[in-house]
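Shown next, in structure tokens, is the structure this report addresses.
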Amino acid sequence: MRRPRLLSGLVFAGMLFFLAACSDGGIITGPSTPQPTAIPATPTPNPALVSNATAAITLPASMNTVSLGTYQAATVGATTQGLVLAPPPPNSSTLGTASLAFVAFKGGTPTTFAHATPATGNIARTINAYTTGGAWVAYVQADAQGGNWELWAVNPATGTKHLVDSATQEHGSGLLPGDFATDGTDVVWAVAVYGQNSSTLFAYDLASGTRRTLDNLPAASFVAVALVNRLLYFQTADTQNKTTAWLWLLTQPTPTQITARPKGAVALNSRYVAWYDADPGNLDLYDIVTGKTTAVSEAPCVMPILAPDRPFIACLDDVDDQYQVIRVPAGTSATFGLHATGGFGAIANGRLYWIPEPNPLSSNTVVDYFDLPAS
């Protein structure tokens with residue numbers, strides 16, 4: 001799973017989305033549902049995602065580069081077909097970005113496939129967050145106050161595009177930037193139901209263009225949505241802001257409560273849930289098969305991303321301002337690169353991609369990468 005890229009200024013934008021979500025209904029409160037159930041079938045265990053090797057991870061002396069021509073990229077994600085790029089905001093006072101672009105893994109001239117469009121009344125909007133899964137990109141565009149939002153899904157390789165949901169369809173309900181995800185089969189998202197003080201979790205089938213309701217929480221909320229290979233992760237929050245974590249294989253009728261208590265944004269693949277725990281400062285890993293949580297790094301390594309097809313996680317060591325790649329669950333690691341303001345990157349095509357530190361520290365016309373070991 002590629003976690004949502006929260007584009008420039010989105011800490012503030014996320015607060016605005018939350019206020020919009022709670023408008024008229026007050027803070028979303030109440031007991032968490034659904035209740036714990038028997039463990040449903042988990043994804044078929046993939047041995048390629050697990051390695052107990054302890055050998056050093058050898059990185060190339062000089063990194064490979066994908067040239068973007070004159071295109072300035074501030075963030076990078078990836079589909080199964082190529083790289084997804086966002087330019088920097090047009091100015092320092094603007095939240096989000098005006099467009100998203102796509103380029104094949106081999107590089108070339110990026111093609112813009114999504115533009116932020118004005119709302120009714122010519123109200124300006126920007127693309128505030130995006131995430132990727134399979135061959136698809138899901139993104140949210142909204143105005144400066146977090147209203148007039150629309151959730152779109154696009155296959156940039158084919159041009160197929162769906163309007164998944166909007167503030168208009170939800171009668172003013174809000175959508176948080178971290179509360180949507182796609183795996184290329186479905187888009188899943190959560191909205192606070194306007195005027196009803198409840199939250200609803202939806203899924204949209206990208207093949208059929210149909211939407212279904214997964215669950216509804218009276219007086220509670222869904223947060224931190226992640227999705228990969230039809231495996232859904234989310235949290236529920238009650239009136240005391242106590243969160244409960246759930247996994248739901250969408251081929252099964254019900255979700256399962258897990259014992260792990262992830263904090264903040266998570267990374268997900270078919271074997272692990274990963275997150276950074278600021279206290280005590282660990283990068284934690286929950287094994288979906290064994291149900292155990294372990295710390296794979298004791299460095300303050302934030303913004304984790306998990307490889308979908310091999311046993312590696314990457315993250316940003318924000319003390320030394322370097323990236324790390326870590327073999328899981330063994331924990332052997334290597335550092336590379338320098339932290340740029342554009343954030344971290346993506347793992348796809350057997351490679352780890354990121355935007356190298358440019359000068360000035362806002363964007364670059366290249367994406368660096370190296371091949372990840374198979375084990």
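Identifiers for the structure tokens are assigned positionally: chains receive A, B, ... in sequence, residues are indexed from 1 per chain, and ligands are indexed from 1 in the order shown.
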_I need the residues of segment 224-321 of chain A that end up classed as strand (DSSP E or B) by DSSP on the backbone, written out as an NGL selection string._
:A and (224-228 or 231-237 or 243-249 or 256-257 or 267-268 or 272-277 or 282-287 or 293-297 or 301-306 or 312-317)
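Contact shell of Pro356 of chain A at 9 Å (only C-alpha atoms; same-chain neighbours under 2 positions omitted): Gly337, Leu338, His339, Ala340, Trp354, Pro358, Ser363, Asn364, Val366, Val367 and Asp368 of chain A.
Residue nearest Leu352 of chain A within the list A:Thr42, A:Val289, A:Gly108, A:Ala78: A:Ala78 [criterion: smallest interatomic distance, only C-alpha atoms].
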Of A:Lys242, A:Arg327, A:His162, A:Lys292, the one sitting nearest Leu306 of chain A when using only C-alpha atoms is A:Arg327
_Using only C-alpha atoms, which protein or nucleic acid residues come within 10 Å of Trp136 of chain A? Drop anything in the same chain fewer than 3 positions from it, and give the result as a PyMOL selection string._
chain A and resi 78-81+84+131-133+153-158+160-161+182-187+206
Quick one: residues within 8 Å of Thr244 of chain A, only C-alpha atoms, excluding same-chain residues fewer than 4 positions away - as a list in words?
Ser32, Gln235, Thr236, Ala237, Gln257, Ile258 and Arg261 of chain A
Mind writing the picked residues with N, CA, C and O atoms as a CSV table (one decimal), in the first residue's frame?
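Listed below is the output, selection_11.csv:
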chain,number,residue,atom,x,y,z
A,32,SER,N,-17.0,2.2,20.0
A,32,SER,CA,-16.6,1.7,18.7
A,32,SER,C,-17.3,0.4,18.3
A,32,SER,O,-17.6,-0.4,19.2
A,235,GLN,N,-8.8,2.2,11.6
A,235,GLN,CA,-9.0,2.4,13.0
A,235,GLN,C,-10.4,3.0,13.3
A,235,GLN,O,-10.9,3.7,12.4
A,236,THR,N,-10.9,2.7,14.5
A,236,THR,CA,-12.1,3.4,14.9
A,236,THR,C,-11.8,4.2,16.2
A,236,THR,O,-10.9,3.8,16.9
A,237,ALA,N,-12.4,5.3,16.3
A,237,ALA,CA,-12.1,6.2,17.5
A,237,ALA,C,-13.4,6.5,18.2
A,237,ALA,O,-14.4,6.8,17.6
A,257,GLN,N,-10.7,-7.3,14.9
A,257,GLN,CA,-10.0,-6.4,15.8
A,257,GLN,C,-8.6,-7.1,16.0
A,257,GLN,O,-8.5,-8.3,16.3
A,258,ILE,N,-7.5,-6.3,15.9
A,258,ILE,CA,-6.2,-6.8,16.2
A,258,ILE,C,-5.7,-6.2,17.5
A,258,ILE,O,-6.1,-5.1,17.9
A,261,ARG,N,-1.7,-1.6,18.4
A,261,ARG,CA,-2.2,-0.2,18.6
A,261,ARG,C,-1.3,0.7,17.7
A,261,ARG,O,-0.6,1.5,18.3
Tell me, as an MDAnalysis selection string, which residues lie within 7 Å of Ala167 of chain A, counting only C-alpha atoms; anything in the same chain fewer than 6 positions away does not count. chainID A and resid 148:150 173:174
Can you pull out the residues contacting Arg125 of chain A? Cut-off 6 Å, using only C-alpha atoms, and skip same-chain residues under 5 positions away; I want them as an mmCIF file with N, CA and C atoms, in the first residue's frame.
data_model
loop_
_atom_site.group_PDB
_atom_site.id
_atom_site.type_symbol
_atom_site.label_atom_id
_atom_site.label_comp_id
_atom_site.auth_asym_id
_atom_site.auth_seq_id
_atom_site.Cartn_x
_atom_site.Cartn_y
_atom_site.Cartn_z
ATOM 1 N N ALA A 116 -6.612 20.073 -10.783
ATOM 2 C CA ALA A 116 -7.597 20.601 -9.845
ATOM 3 C C ALA A 116 -8.528 21.542 -10.597
ATOM 4 N N PRO A 118 -12.037 24.198 -10.524
ATOM 5 C CA PRO A 118 -12.798 25.038 -9.599
ATOM 6 C C PRO A 118 -14.139 24.411 -9.244
ATOM 7 N N ALA A 142 -9.992 19.823 -3.041
ATOM 8 C CA ALA A 142 -10.867 20.559 -2.139
ATOM 9 C C ALA A 142 -10.472 22.024 -2.150
ATOM 10 N N ASP A 143 -11.359 22.880 -1.592
ATOM 11 C CA ASP A 143 -11.020 24.295 -1.489
ATOM 12 C C ASP A 143 -10.131 24.534 -0.272
#
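Taking only C-alpha atoms into account, Gly146 of chain A lies nearest to A:Ala124 out of the set A:Ala124, A:Asp318, A:Ala56, A:Val325.
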